[in-house]
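Structure below is model-v3.cif: mmCIF, C-alpha atoms.
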data_coords
#
loop_
_atom_site.label_atom_id
_atom_site.label_comp_id
_atom_site.auth_asym_id
_atom_site.auth_seq_id
_atom_site.Cartn_x
_atom_site.Cartn_y
_atom_site.Cartn_z
CA MET A 1 -38.52 50.16 8.08
CA THR A 2 -35.34 49.67 10.11
CA ASN A 3 -36.48 46.22 11.21
CA TYR A 4 -37.21 45.25 7.59
CA PHE A 5 -33.77 46.46 6.47
CA PHE A 6 -32.11 44.45 9.28
CA ARG A 7 -33.94 41.26 8.24
CA PHE A 8 -33.06 41.80 4.57
CA SER A 9 -29.39 42.34 5.41
CA LEU A 10 -29.29 39.22 7.61
CA CYS A 11 -30.85 37.06 4.87
CA PHE A 12 -28.38 38.47 2.34
CA LEU A 13 -25.41 37.60 4.56
CA VAL A 14 -26.68 34.06 5.18
CA LEU A 15 -27.20 33.43 1.47
CA ALA A 16 -23.83 34.93 0.63
CA CYS A 17 -22.09 32.67 3.11
CA GLN A 18 -23.91 29.62 1.79
CA GLY A 19 -23.03 30.53 -1.77
CA ASN A 20 -19.32 30.70 -0.89
CA THR A 21 -19.21 27.38 0.98
CA VAL A 22 -16.57 25.16 -0.63
CA PRO A 23 -16.44 21.41 0.09
CA GLN A 24 -13.31 20.33 1.95
CA PHE A 25 -11.76 17.22 0.42
CA ARG A 26 -9.22 16.61 3.17
CA VAL A 27 -8.00 18.01 6.48
CA HIS A 28 -5.13 20.48 6.27
CA PRO A 29 -2.00 19.21 8.08
CA SER A 30 -2.03 22.26 10.35
CA ASP A 31 -5.47 21.17 11.61
CA SER A 32 -4.49 17.55 12.25
CA LYS A 33 -5.09 16.17 15.74
CA LEU A 34 -2.66 13.30 15.15
CA ARG A 35 0.99 12.99 16.04
CA LEU A 36 3.18 11.08 13.60
CA SER A 37 5.40 8.23 14.74
CA GLN A 38 8.49 9.84 13.25
CA ASP A 39 7.97 12.96 15.37
CA ILE A 40 7.74 10.77 18.47
CA PHE A 41 10.85 8.90 17.35
CA TYR A 42 13.00 12.00 16.99
CA GLU A 43 11.82 13.45 20.30
CA LYS A 44 11.65 10.42 22.59
CA ILE A 45 13.30 7.35 21.05
CA LEU A 46 16.35 8.62 19.21
CA PRO A 47 18.02 10.18 22.30
CA THR A 48 17.95 6.75 24.00
CA MET A 49 20.00 5.30 21.12
CA ALA A 50 23.01 7.55 21.68
CA GLY A 51 26.32 5.94 20.79
CA LYS A 52 24.69 2.92 19.13
CA LYS A 53 24.95 1.39 15.63
CA LEU A 54 21.92 1.33 13.34
CA MET A 55 20.55 -0.33 10.21
CA LEU A 56 17.93 1.79 8.41
CA ALA A 57 15.09 0.68 6.12
CA THR A 58 13.18 3.70 4.85
CA ASN A 59 12.39 5.87 1.83
CA PRO A 60 10.76 9.30 1.32
CA SER A 61 7.46 7.98 2.73
CA GLY A 62 9.18 7.78 6.14
CA ILE A 63 12.05 9.67 7.75
CA GLY A 64 13.89 9.17 4.46
CA THR A 65 12.02 12.23 3.22
CA SER A 66 14.68 14.33 5.00
CA PRO A 67 18.16 12.76 4.75
CA LYS A 68 19.73 15.95 6.14
CA LYS A 69 17.69 15.61 9.32
CA ILE A 70 18.75 11.98 9.66
CA ILE A 71 22.42 12.90 9.26
CA SER A 72 22.32 15.86 11.67
CA SER A 73 20.25 14.02 14.30
CA PHE A 74 22.48 10.95 14.18
CA GLU A 75 25.61 13.08 14.46
CA LYS A 76 24.16 14.96 17.42
CA HIS A 77 23.54 11.72 19.31
CA LYS A 78 26.67 9.97 17.99
CA ILE A 79 24.62 7.25 16.29
CA THR A 80 26.47 5.33 13.60
CA LEU A 81 24.51 4.45 10.47
CA GLU A 82 26.12 1.16 9.47
CA HIS A 83 23.85 -0.15 6.71
CA LEU A 84 20.88 0.83 4.57
CA ILE A 85 18.24 -1.61 3.39
CA GLY A 86 17.09 -1.11 -0.19
CA LEU A 87 13.37 -1.67 -0.67
CA GLU A 88 11.84 -2.54 -4.03
CA HIS A 89 11.95 1.03 -5.39
CA GLY A 90 15.29 2.13 -3.93
CA PHE A 91 16.15 4.54 -1.15
CA LEU A 92 14.57 7.54 -2.89
CA GLY A 93 11.54 5.51 -4.04
CA LEU A 94 12.18 6.37 -7.69
CA GLU A 95 13.23 3.07 -9.25
CA GLU A 96 10.77 1.20 -11.46
CA GLU A 97 12.86 -1.97 -11.63
CA PHE A 98 14.49 -4.12 -8.95
CA SER A 99 18.22 -3.58 -8.52
CA GLN A 100 20.23 -6.17 -10.43
CA THR A 101 23.02 -6.27 -7.84
CA PRO A 102 22.83 -7.23 -4.14
CA VAL A 103 24.72 -4.18 -2.87
CA THR A 104 25.17 -0.62 -4.12
CA MET A 105 26.69 2.47 -2.53
CA ASP A 106 24.25 5.18 -1.52
CA SER A 107 25.55 8.61 -2.46
CA THR A 108 23.49 10.49 0.16
CA PHE A 109 24.88 8.67 3.20
CA ASN A 110 27.98 7.12 1.63
CA ARG A 111 26.91 3.78 3.07
CA PRO A 112 26.26 0.37 1.50
CA LEU A 113 22.66 -0.15 0.40
CA TYR A 114 21.71 -3.82 0.66
CA HIS A 115 18.86 -4.85 -1.63
CA ILE A 116 17.01 -7.29 0.57
CA TYR A 117 15.42 -9.20 -2.32
CA ARG A 118 18.93 -9.99 -3.69
CA ILE A 119 20.95 -10.92 -0.61
CA LYS A 120 20.89 -14.35 1.04
CA ASP A 121 19.19 -14.96 4.37
CA VAL A 122 22.46 -15.88 6.05
CA GLU A 123 24.04 -12.62 4.83
CA LEU A 124 21.12 -10.58 6.16
CA ARG A 125 21.41 -12.28 9.53
CA GLU A 126 25.09 -11.36 9.71
CA LEU A 127 24.27 -7.75 8.86
CA VAL A 128 21.63 -7.33 11.56
CA ARG A 129 24.02 -8.79 14.13
CA ASP A 130 26.47 -5.98 13.33
CA VAL A 131 24.12 -3.33 14.72
CA ASP A 132 22.25 -2.51 17.91
CA TYR A 133 19.04 -1.37 16.20
CA VAL A 134 17.14 -1.92 12.97
CA LEU A 135 14.78 0.95 12.18
CA PHE A 136 11.89 0.25 9.76
CA ASP A 137 9.86 3.23 8.55
CA VAL A 138 7.88 3.17 5.29
CA GLN A 139 4.31 3.92 4.20
CA ASP A 140 2.33 0.77 3.49
CA VAL A 141 -1.03 0.44 1.68
CA GLY A 142 -2.44 -2.49 3.66
CA MET A 143 -1.91 -5.19 1.01
CA ARG A 144 0.25 -8.31 1.10
CA CYS A 145 1.35 -7.84 -2.52
CA TYR A 146 2.82 -4.41 -1.75
CA THR A 147 6.30 -5.73 -1.05
CA TYR A 148 7.23 -3.66 2.01
CA LEU A 149 5.64 -6.24 4.32
CA SER A 150 7.81 -8.92 2.71
CA VAL A 151 10.84 -6.76 3.60
CA LEU A 152 9.60 -6.46 7.19
CA LYS A 153 9.15 -10.24 7.43
CA ARG A 154 12.64 -10.94 6.10
CA LEU A 155 14.16 -8.51 8.59
CA MET A 156 12.23 -10.06 11.47
CA ASP A 157 13.27 -13.56 10.40
CA ALA A 158 16.89 -12.41 10.41
CA LEU A 159 16.47 -10.76 13.83
CA LYS A 160 15.00 -13.87 15.44
CA ASN A 161 16.82 -14.74 18.69
CA THR A 162 19.39 -11.94 18.34
CA LYS A 163 20.15 -9.07 20.70
CA THR A 164 19.46 -6.50 17.99
CA LYS A 165 16.35 -4.42 18.61
CA LEU A 166 13.74 -3.64 15.94
CA ILE A 167 11.94 -0.28 15.93
CA VAL A 168 8.93 0.08 13.62
CA LEU A 169 7.49 3.53 13.04
CA ASP A 170 3.82 2.96 12.29
CA HIS A 171 1.77 4.62 9.53
CA ILE A 172 -1.91 5.09 8.77
CA HIS A 173 -2.75 3.77 5.30
CA VAL A 174 -5.67 4.05 2.86
CA ALA A 175 -7.22 0.66 3.72
CA MET A 176 -7.67 1.29 7.46
CA HIS A 177 -11.46 0.95 7.18
CA LEU A 178 -11.25 -2.52 5.63
CA PRO A 179 -11.13 -5.87 7.44
CA PRO A 180 -8.90 -8.70 6.19
CA MET A 181 -10.03 -9.62 2.66
CA GLY A 182 -9.05 -12.29 0.16
CA GLU A 183 -7.27 -15.57 0.69
CA LYS A 184 -3.92 -16.74 2.06
CA MET A 185 -0.93 -17.57 -0.09
CA ASN A 186 -0.60 -21.15 -1.31
CA PRO A 187 3.09 -22.14 -0.95
CA ARG A 188 3.05 -23.25 -4.60
CA HIS A 189 2.62 -19.63 -5.66
CA LEU A 190 4.97 -18.07 -3.09
CA ASN A 191 6.87 -15.02 -4.36
CA PHE A 192 8.42 -11.81 -3.04
CA ALA A 193 5.05 -10.04 -3.31
CA GLY A 194 3.37 -12.68 -1.17
CA GLU A 195 5.69 -13.68 1.66
CA PHE A 196 3.85 -12.07 4.56
CA PRO A 197 1.39 -14.57 6.10
CA SER A 198 -1.83 -12.59 5.77
CA LEU A 199 -4.81 -12.31 3.46
CA LEU A 200 -4.43 -10.13 0.37
CA ILE A 201 -5.80 -7.11 2.24
CA THR A 202 -4.15 -7.46 5.62
CA GLY A 203 -6.50 -5.49 7.89
CA MET A 204 -3.39 -4.26 9.73
CA THR A 205 -0.93 -1.37 9.78
CA THR A 206 2.78 -2.06 9.43
CA GLY A 207 3.23 -1.87 13.19
CA GLU A 208 0.29 -4.18 13.86
CA ALA A 209 1.62 -6.62 11.27
CA ALA A 210 5.00 -6.64 13.06
CA ILE A 211 3.35 -7.41 16.42
CA PHE A 212 1.16 -10.09 14.80
CA TYR A 213 4.10 -11.80 13.09
CA ASN A 214 6.32 -11.62 16.18
CA LYS A 215 3.72 -13.24 18.43
CA GLU A 216 2.09 -15.69 16.04
CA PHE A 217 5.10 -16.92 14.10
CA LEU A 218 8.28 -16.01 16.02
CA LYS A 219 6.98 -16.57 19.57
CA GLU A 220 8.08 -13.01 20.50
CA SER A 221 11.72 -13.79 19.77
CA VAL A 222 12.35 -10.34 18.27
CA ASP A 223 12.93 -7.40 20.64
CA LEU A 224 10.26 -5.23 19.03
CA ASN A 225 9.21 -1.65 19.73
CA VAL A 226 6.34 -0.27 17.62
CA ILE A 227 5.82 3.50 17.74
CA PRO A 228 2.13 4.15 16.96
CA VAL A 229 0.52 7.25 15.49
CA GLU A 230 -0.97 9.15 18.41
CA GLY A 231 -4.59 10.31 18.26
CA TYR A 232 -5.78 8.04 15.47
CA LYS A 233 -9.08 6.15 15.81
CA ARG A 234 -9.74 3.22 13.53
CA GLY A 235 -12.36 4.09 10.94
CA MET A 236 -10.98 7.56 10.18
CA TYR A 237 -10.28 7.84 6.47
CA PHE A 238 -6.80 8.94 5.47
CA GLU A 239 -8.11 12.25 4.10
CA ASP A 240 -9.63 13.05 7.53
CA THR A 241 -6.36 12.63 9.41
CA GLY A 242 -4.48 15.65 8.08
CA ILE A 243 -1.48 13.40 7.35
CA PRO A 244 0.24 14.55 4.13
CA TRP A 245 0.54 11.88 1.46
CA THR A 246 4.21 11.07 0.87
CA THR A 247 4.79 8.95 -2.21
CA PRO A 248 5.98 5.46 -1.17
CA SER A 249 6.77 4.28 -4.72
CA PRO A 250 6.77 5.73 -8.26
CA ASN A 251 3.32 4.42 -9.14
CA LEU A 252 1.41 5.67 -6.09
CA PRO A 253 1.98 9.42 -6.39
CA MET A 254 -1.48 10.35 -5.13
CA VAL A 255 -3.94 9.15 -2.51
CA ASP A 256 -6.34 8.25 -5.35
CA SER A 257 -3.69 6.00 -6.89
CA ALA A 258 -3.26 4.22 -3.56
CA ARG A 259 -7.01 3.79 -3.08
CA ASN A 260 -7.47 2.50 -6.64
CA TYR A 261 -4.48 0.19 -6.17
CA LEU A 262 -6.51 -1.87 -3.68
CA SER A 263 -8.48 -3.27 -6.63
CA LEU A 264 -6.63 -2.34 -9.82
CA VAL A 265 -3.41 -4.07 -8.72
CA LEU A 266 -5.02 -7.36 -9.77
CA LEU A 267 -5.10 -6.05 -13.35
CA GLU A 268 -1.35 -6.72 -13.33
CA GLY A 269 -2.34 -10.33 -13.76
CA VAL A 270 -3.85 -9.71 -17.21
CA ASN A 271 -2.52 -8.27 -20.48
CA VAL A 272 -3.32 -4.59 -19.89
CA SER A 273 -1.34 -1.58 -18.75
CA VAL A 274 -2.28 -0.17 -15.34
CA GLY A 275 -0.84 3.21 -16.27
CA ARG A 276 2.71 2.58 -15.07
CA GLY A 277 4.91 5.14 -16.74
CA THR A 278 2.08 7.64 -17.23
CA GLN A 279 0.93 10.69 -15.29
CA ALA A 280 -1.82 8.60 -13.68
CA PRO A 281 -0.68 5.11 -12.61
CA PHE A 282 -3.45 2.96 -11.09
CA VAL A 283 -5.93 5.53 -12.36
CA TYR A 284 -5.59 4.73 -16.07
CA PHE A 285 -5.77 1.20 -17.42
CA GLY A 286 -6.14 -0.14 -20.93
CA ALA A 287 -4.52 -1.74 -23.96
CA PRO A 288 -4.22 -1.16 -27.72
CA TRP A 289 -6.85 -3.88 -28.22
CA MET A 290 -9.41 -2.24 -25.91
CA THR A 291 -11.10 -0.59 -28.89
CA ASN A 292 -14.50 0.11 -27.35
CA PRO A 293 -13.89 1.07 -23.70
CA GLU A 294 -17.29 2.78 -23.45
CA GLU A 295 -18.96 -0.64 -23.57
CA LEU A 296 -16.90 -1.86 -20.63
CA ALA A 297 -17.60 1.37 -18.72
CA ASN A 298 -21.34 0.91 -19.23
CA LYS A 299 -21.21 -2.65 -17.90
CA LEU A 300 -19.25 -1.50 -14.84
CA SER A 301 -21.78 1.23 -14.06
CA SER A 302 -24.15 -1.29 -12.48
CA ILE A 303 -21.76 -2.23 -9.65
CA GLY A 304 -20.25 -0.30 -6.75
CA ASP A 305 -23.32 1.65 -5.63
CA LYS A 306 -21.92 4.80 -7.29
CA SER A 307 -18.71 4.68 -5.24
CA TYR A 308 -16.80 5.16 -8.50
CA TYR A 309 -17.32 5.58 -12.20
CA PHE A 310 -15.21 5.04 -15.29
CA SER A 311 -14.51 7.40 -18.17
CA THR A 312 -12.63 6.74 -21.40
CA VAL A 313 -8.99 7.75 -21.78
CA TYR A 314 -6.03 7.39 -24.15
CA PHE A 315 -2.46 7.09 -22.91
CA LYS A 316 1.01 5.87 -23.87
CA PRO A 317 2.87 4.06 -21.06
CA THR A 318 6.64 4.46 -20.86
CA PHE A 319 7.03 1.38 -18.64
CA GLY A 320 5.51 -2.08 -18.34
CA PRO A 321 2.99 -3.78 -20.66
CA HIS A 322 2.36 -2.01 -24.00
CA LYS A 323 5.32 0.33 -23.41
CA GLY A 324 5.43 3.04 -26.07
CA LYS A 325 2.08 2.06 -27.59
CA ILE A 326 -1.10 4.10 -27.64
CA CYS A 327 -3.62 2.47 -25.33
CA SER A 328 -7.34 3.11 -25.20
CA GLY A 329 -8.96 2.33 -21.89
CA LEU A 330 -10.63 3.70 -18.82
CA ARG A 331 -9.92 6.08 -16.00
CA MET A 332 -11.14 5.07 -12.54
CA ASN A 333 -12.79 8.04 -10.82
CA LEU A 334 -13.30 7.45 -7.12
CA VAL A 335 -16.39 9.07 -5.59
CA ARG A 336 -16.30 7.48 -2.12
CA PRO A 337 -13.50 5.58 -0.40
CA ASP A 338 -15.77 2.95 1.16
CA TYR A 339 -15.96 0.66 -1.87
CA ASP A 340 -15.34 -3.09 -1.94
CA PRO A 341 -12.02 -3.52 -3.79
CA MET A 342 -12.33 -7.29 -4.15
CA LEU A 343 -15.77 -7.02 -5.74
CA LEU A 344 -14.53 -4.40 -8.19
CA ALA A 345 -11.39 -6.36 -9.12
CA TYR A 346 -13.38 -9.54 -9.79
CA GLU A 347 -16.15 -7.87 -11.79
CA LEU A 348 -13.75 -5.67 -13.74
CA ILE A 349 -11.66 -8.61 -14.92
CA ARG A 350 -14.71 -10.83 -15.50
CA LEU A 351 -16.38 -8.18 -17.63
CA MET A 352 -13.15 -7.40 -19.46
CA LYS A 353 -12.84 -11.07 -20.41
CA GLU A 354 -16.50 -11.14 -21.46
CA THR A 355 -16.22 -7.97 -23.57
CA TYR A 356 -12.94 -8.85 -25.30
CA PRO A 357 -12.92 -12.68 -25.48
CA ASN A 358 -10.42 -12.80 -28.36
CA ASP A 359 -7.91 -10.31 -26.91
CA PHE A 360 -8.06 -10.81 -23.16
CA LYS A 361 -5.35 -13.05 -21.71
CA TRP A 362 -4.12 -14.05 -18.29
CA SER A 363 -0.47 -13.01 -18.06
CA LYS A 364 1.93 -15.85 -17.29
CA GLY A 365 5.47 -16.00 -15.98
CA SER A 366 7.89 -18.88 -16.37
CA THR A 367 5.88 -21.17 -14.08
CA ASN A 368 2.70 -19.54 -12.72
CA HIS A 369 0.07 -17.07 -13.82
CA TRP A 370 0.78 -13.63 -12.36
CA ILE A 371 -2.76 -13.34 -11.03
CA ASP A 372 -2.25 -16.51 -8.99
CA GLN A 373 0.87 -15.00 -7.42
CA LEU A 374 -1.01 -11.82 -6.58
CA TRP A 375 -4.16 -13.45 -5.23
CA GLY A 376 -2.28 -16.30 -3.56
CA ASN A 377 -3.70 -19.27 -5.46
CA ASP A 378 -5.55 -20.04 -8.70
CA HIS A 379 -9.04 -19.59 -7.21
CA PHE A 380 -9.60 -16.06 -8.58
CA ARG A 381 -8.61 -17.02 -12.12
CA THR A 382 -10.41 -20.36 -12.29
CA SER A 383 -13.63 -18.89 -10.84
CA ILE A 384 -13.75 -16.29 -13.61
CA ASN A 385 -12.90 -18.90 -16.25
CA GLU A 386 -15.75 -21.08 -14.95
CA GLY A 387 -18.23 -18.19 -15.14
CA LYS A 388 -18.91 -18.01 -11.40
CA SER A 389 -20.55 -14.89 -9.98
CA TYR A 390 -18.70 -12.81 -7.41
CA SER A 391 -21.10 -14.02 -4.71
CA GLU A 392 -20.29 -17.65 -5.48
CA PHE A 393 -16.58 -16.87 -5.50
CA HIS A 394 -16.61 -14.85 -2.27
CA ASN A 395 -18.87 -17.22 -0.34
CA SER A 396 -16.34 -20.01 -0.83
CA TYR A 397 -13.72 -18.24 1.33
CA ALA A 398 -15.81 -15.86 3.49
CA SER A 399 -15.21 -18.03 6.56
CA GLU A 400 -11.45 -17.63 6.08
CA GLU A 401 -11.87 -13.85 6.22
CA GLU A 402 -13.92 -14.10 9.41
CA ASN A 403 -11.33 -16.35 11.05
CA GLU A 404 -8.55 -13.95 10.10
CA ARG A 405 -10.50 -11.00 11.50
CA LYS A 406 -10.68 -12.77 14.86
CA ARG A 407 -7.06 -13.87 14.71
CA ILE A 408 -5.56 -10.39 14.21
CA LYS A 409 -7.89 -8.54 16.59
CA PRO A 410 -5.63 -8.87 19.70
CA TYR A 411 -2.79 -7.16 17.83
CA LEU A 412 -4.60 -4.05 16.59
CA LEU A 413 -3.33 -0.77 18.04
CA TYR A 414 -6.19 1.52 16.98
#
Reformat the file's structure so that it appears as structure tokens.
Amino acid sequence: MTNYFFRFSLCFLVLACQGNTVPQFRVHPSDSKLRLSQDIFYEKILPTMAGKKLMLATNPSGIGTSPKKIISSFEKHKITLEHLIGLEHGFLGLEEEFSQTPVTMDSTFNRPLYHIYRIKDVELRELVRDVDYVLFDVQDVGMRCYTYLSVLKRLMDALKNTKTKLIVLDHIHVAMHLPPMGEKMNPRHLNFAGEFPSLLITGMTTGEAAIFYNKEFLKESVDLNVIPVEGYKRGMYFEDTGIPWTTPSPNLPMVDSARNYLSLVLLEGVNVSVGRGTQAPFVYFGAPWMTNPEELANKLSSIGDKSYYFSTVYFKPTFGPHKGKICSGLRMNLVRPDYDPMLLAYELIRLMKETYPNDFKWSKGSTNHWIDQLWGNDHFRTSINEGKSYSEFHNSYASEEENERKRIKPYLLY
């Protein structure tokens, strides 16, 4: 009888434990085995900069998340913060629009904030010569069109053959599992969102991109020091690292937004809203003319091997296309992170054009189509217009991806 009671109690405990098992979506930061580059910087690098002058390019996705720590640490080591570099979304990462003036005064540090996309190259070169170090520390997403790599390139071009040292604090991003994807930028379509010489999906971290650019294009003429993330192994998904997501720009508030961005950013080349100015940017997308989004969702259900699915949604964007109008559209629900973003982008836009032939339009600027500036050339747009399948489209540049994979391999840190 005692033995029976023991077995019953053991089975009950096992079942109870199984019943209370909750899936873990991400690693808690306290359980992370990684060491962030900014922690290494404050402990090991910053003390060696005592008494020096510094230019800082950051926002709340880097050490800019704690201005008080920057101020106190710099004061402790008698480091002078001479200049700030304004990235696309401003020092606090809150601005939707580019600054209209080249220089503004930052109220936090009481220092000039130079908006790198407004100042001339010769002016930037003079600024970097005024300091001993340039510190670059922002969260990237692994795409050429995300303009922080353009900022890095412009800084490195200005630093070429100077005595000023560049320190890059590296970050792990959401596309770490992806190789280089897409095509290179045709000079005819060159723009601020396409200056870095990589494929659309770079296959590199910010630090790796800096090493790559310095060796391949500047012949190592920049005195570069990249501080890597310690303990990271390539292939680990962002959610498995225990690194907290710190918003790098207003429209990537969540990890899901950043993951969806890898494909949905190409929707900015057509006449729909991608949810900018809503509670779910790069999760919602749609337009007032998308009157039957269920049909589009059903067509999309056959691709992606159940890595994602789409559900209908209504929203009113407060910024960008269709501002202030009620949009019907879809919500992208990510099931697994290992999806092919180029396949999804191509099929989504192809099927959108097929479903709404009278309303769908390619958005156009003063000279080029926006999609051409994002992709790098007109190949994406013309292939869809000509009715080509994704396989036909991708096969035409697959060798370029393979060549790029081999080219960047010597510069990978993880």
Just checking: using only C-alpha atoms, which residue out of A:Tyr232, A:Phe109, A:Phe217, A:Tyr42 ends up closest to Ile71 (chain A)?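 Among the listed residues, A:Phe109 lies closest to Ile71 (chain A).
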Once the PyMOL selection byres ((chain A and resi 401) around 9) is applied to the coordinates I shared, what remains selected? I want it as an mmCIF file with C-alpha atoms, in the coordinates of the input.
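Everything below was put into part-v4.cif:
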data_model
loop_
_atom_site.group_PDB
_atom_site.id
_atom_site.type_symbol
_atom_site.label_atom_id
_atom_site.label_comp_id
_atom_site.auth_asym_id
_atom_site.auth_seq_id
_atom_site.Cartn_x
_atom_site.Cartn_y
_atom_site.Cartn_z
ATOM 1 C CA PRO A 179 -11.130 -5.870 7.440
ATOM 2 C CA PRO A 180 -8.900 -8.700 6.190
ATOM 3 C CA MET A 181 -10.030 -9.620 2.660
ATOM 4 C CA GLY A 182 -9.050 -12.290 0.160
ATOM 5 C CA GLU A 183 -7.270 -15.570 0.690
ATOM 6 C CA LEU A 199 -4.810 -12.310 3.460
ATOM 7 C CA TYR A 397 -13.720 -18.240 1.330
ATOM 8 C CA ALA A 398 -15.810 -15.860 3.490
ATOM 9 C CA SER A 399 -15.210 -18.030 6.560
ATOM 10 C CA GLU A 400 -11.450 -17.630 6.080
ATOM 11 C CA GLU A 402 -13.920 -14.100 9.410
ATOM 12 C CA ASN A 403 -11.330 -16.350 11.050
ATOM 13 C CA GLU A 404 -8.550 -13.950 10.100
ATOM 14 C CA ARG A 405 -10.500 -11.000 11.500
ATOM 15 C CA LYS A 406 -10.680 -12.770 14.860
#
Which is closest to Lys306 (chain A) among A:Asn110, A:Asn333, A:Thr367, A:Asn292, if we use all atoms listed in the file?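 Using all atoms listed in the file, Lys306 (chain A) sits closest to A:Asn333.
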Please evaluate the PyMOL selection byres ((chain A and resi 186) around 9) against the structure above and give the resulting residues as a PyMOL selection string. chain A and resi 183-185+187-190+373+376-378
Between CA of Lys233 (chain A) and CA of Thr205 (chain A), distance in Å (one decimal): 12.6 Å
Can you pull out every residue within 9 Å of Val122 (chain A), counting only C-alpha atoms, but drop anything in the same chain fewer than 4 positions away, and send it as a ChimeraX atom specification? /A:126-127,158
Please measure the separation of CA of Ile119 (chain A) and CA of Met105 (chain A), giving the value in Å to one decimal.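 It comes out at 14.7 Å.
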Evaluate the PyMOL selection byres ((chain A and resi 235) around 10) and record the selected residues as an NGL selection string, following the chain and residue labels used in the document. :A and (175-178 or 232-234 or 236-238 or 240 or 414)
Once you count only C-alpha atoms, which residues end up no further than 10 Å from (-1.2, -7.0, -15.2) in the file's frame, shown as a ChimeraX atom specification? /A:264-274,285,320-321,361-364,370-371,374
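Picture a line from CA of Arg259 (chain A) to CA of Met156 (chain A); it runs 27.8 Å.
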Region 214-218 of chain A: axis-aligned bounding box, 4 Å on each side, centre and edge lengths in Å, one decimal, as lines of an AutoDock Vina configuration file:
center_x = 5.2
center_y = -14.3
center_z = 16.3
size_x = 14.2
size_y = 13.3
size_z = 12.3
Spatial neighbours of Gly277 (chain A), max dist 12 Å, all atoms listed in the file, sep filter under 3 positions, as a list of chain:residue names: A:Leu94, A:Glu95, A:Glu96, A:Glu97, A:Pro250, A:Asn251, A:Leu252, A:Pro253, A:Ser273, A:Val274, A:Ala280, A:Pro281, A:Phe282, A:Val283, A:Tyr284, A:Phe285, A:Phe315, A:Lys316, A:Pro317, A:Thr318, A:Phe319, A:Gly320, A:Pro321, A:His322, A:Lys323, A:Gly324, A:Lys325
Closest to Gly275 (chain A) among A:Asn368, A:Ser257, A:Thr241, A:Asn225, using all atoms listed in the file? A:Ser257
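Using only C-alpha atoms, the nearest neighbour of Gly329 (chain A) within the list A:Glu295, A:Asp256, A:Asp106, A:Glu88 is A:Glu295.
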Identify which of the residues A:Leu159, A:Ile227, A:Leu351, A:Met204 lies closest to Ile45 (chain A), counting all atoms listed in the file when measuring atom-to-atom distances.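 Between A:Leu159, A:Ile227, A:Leu351, A:Met204, the residue approaching Ile45 (chain A) most closely is A:Ile227.
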Selection: 9 Å around region 308-310 of chain A, all atoms listed in the file, excl. self and same-chain fewer than 5 positions, as a count of residues only: 16
Mind listing whatever residues come within 8 Å of the point (-15.9, -5.8, -29.2)? Use only C-alpha atoms, file coordinates, and give them as number ranges by chain. A: 291-292, 355-356
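If you measure from each of A:Arg144, A:Lys153, A:Lys69, A:Lys160 to Asp39 (chain A) using all atoms listed in the file, the closest one turns out to be A:Lys69.
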List the spatial neighbours of region 112-114 of chain A as a PyMOL selection string - criterion: any atom at most 7 Å away, only C-alpha atoms, same-chain residues fewer than 2 positions off excluded. chain A and resi 83-86+102-106+110+116
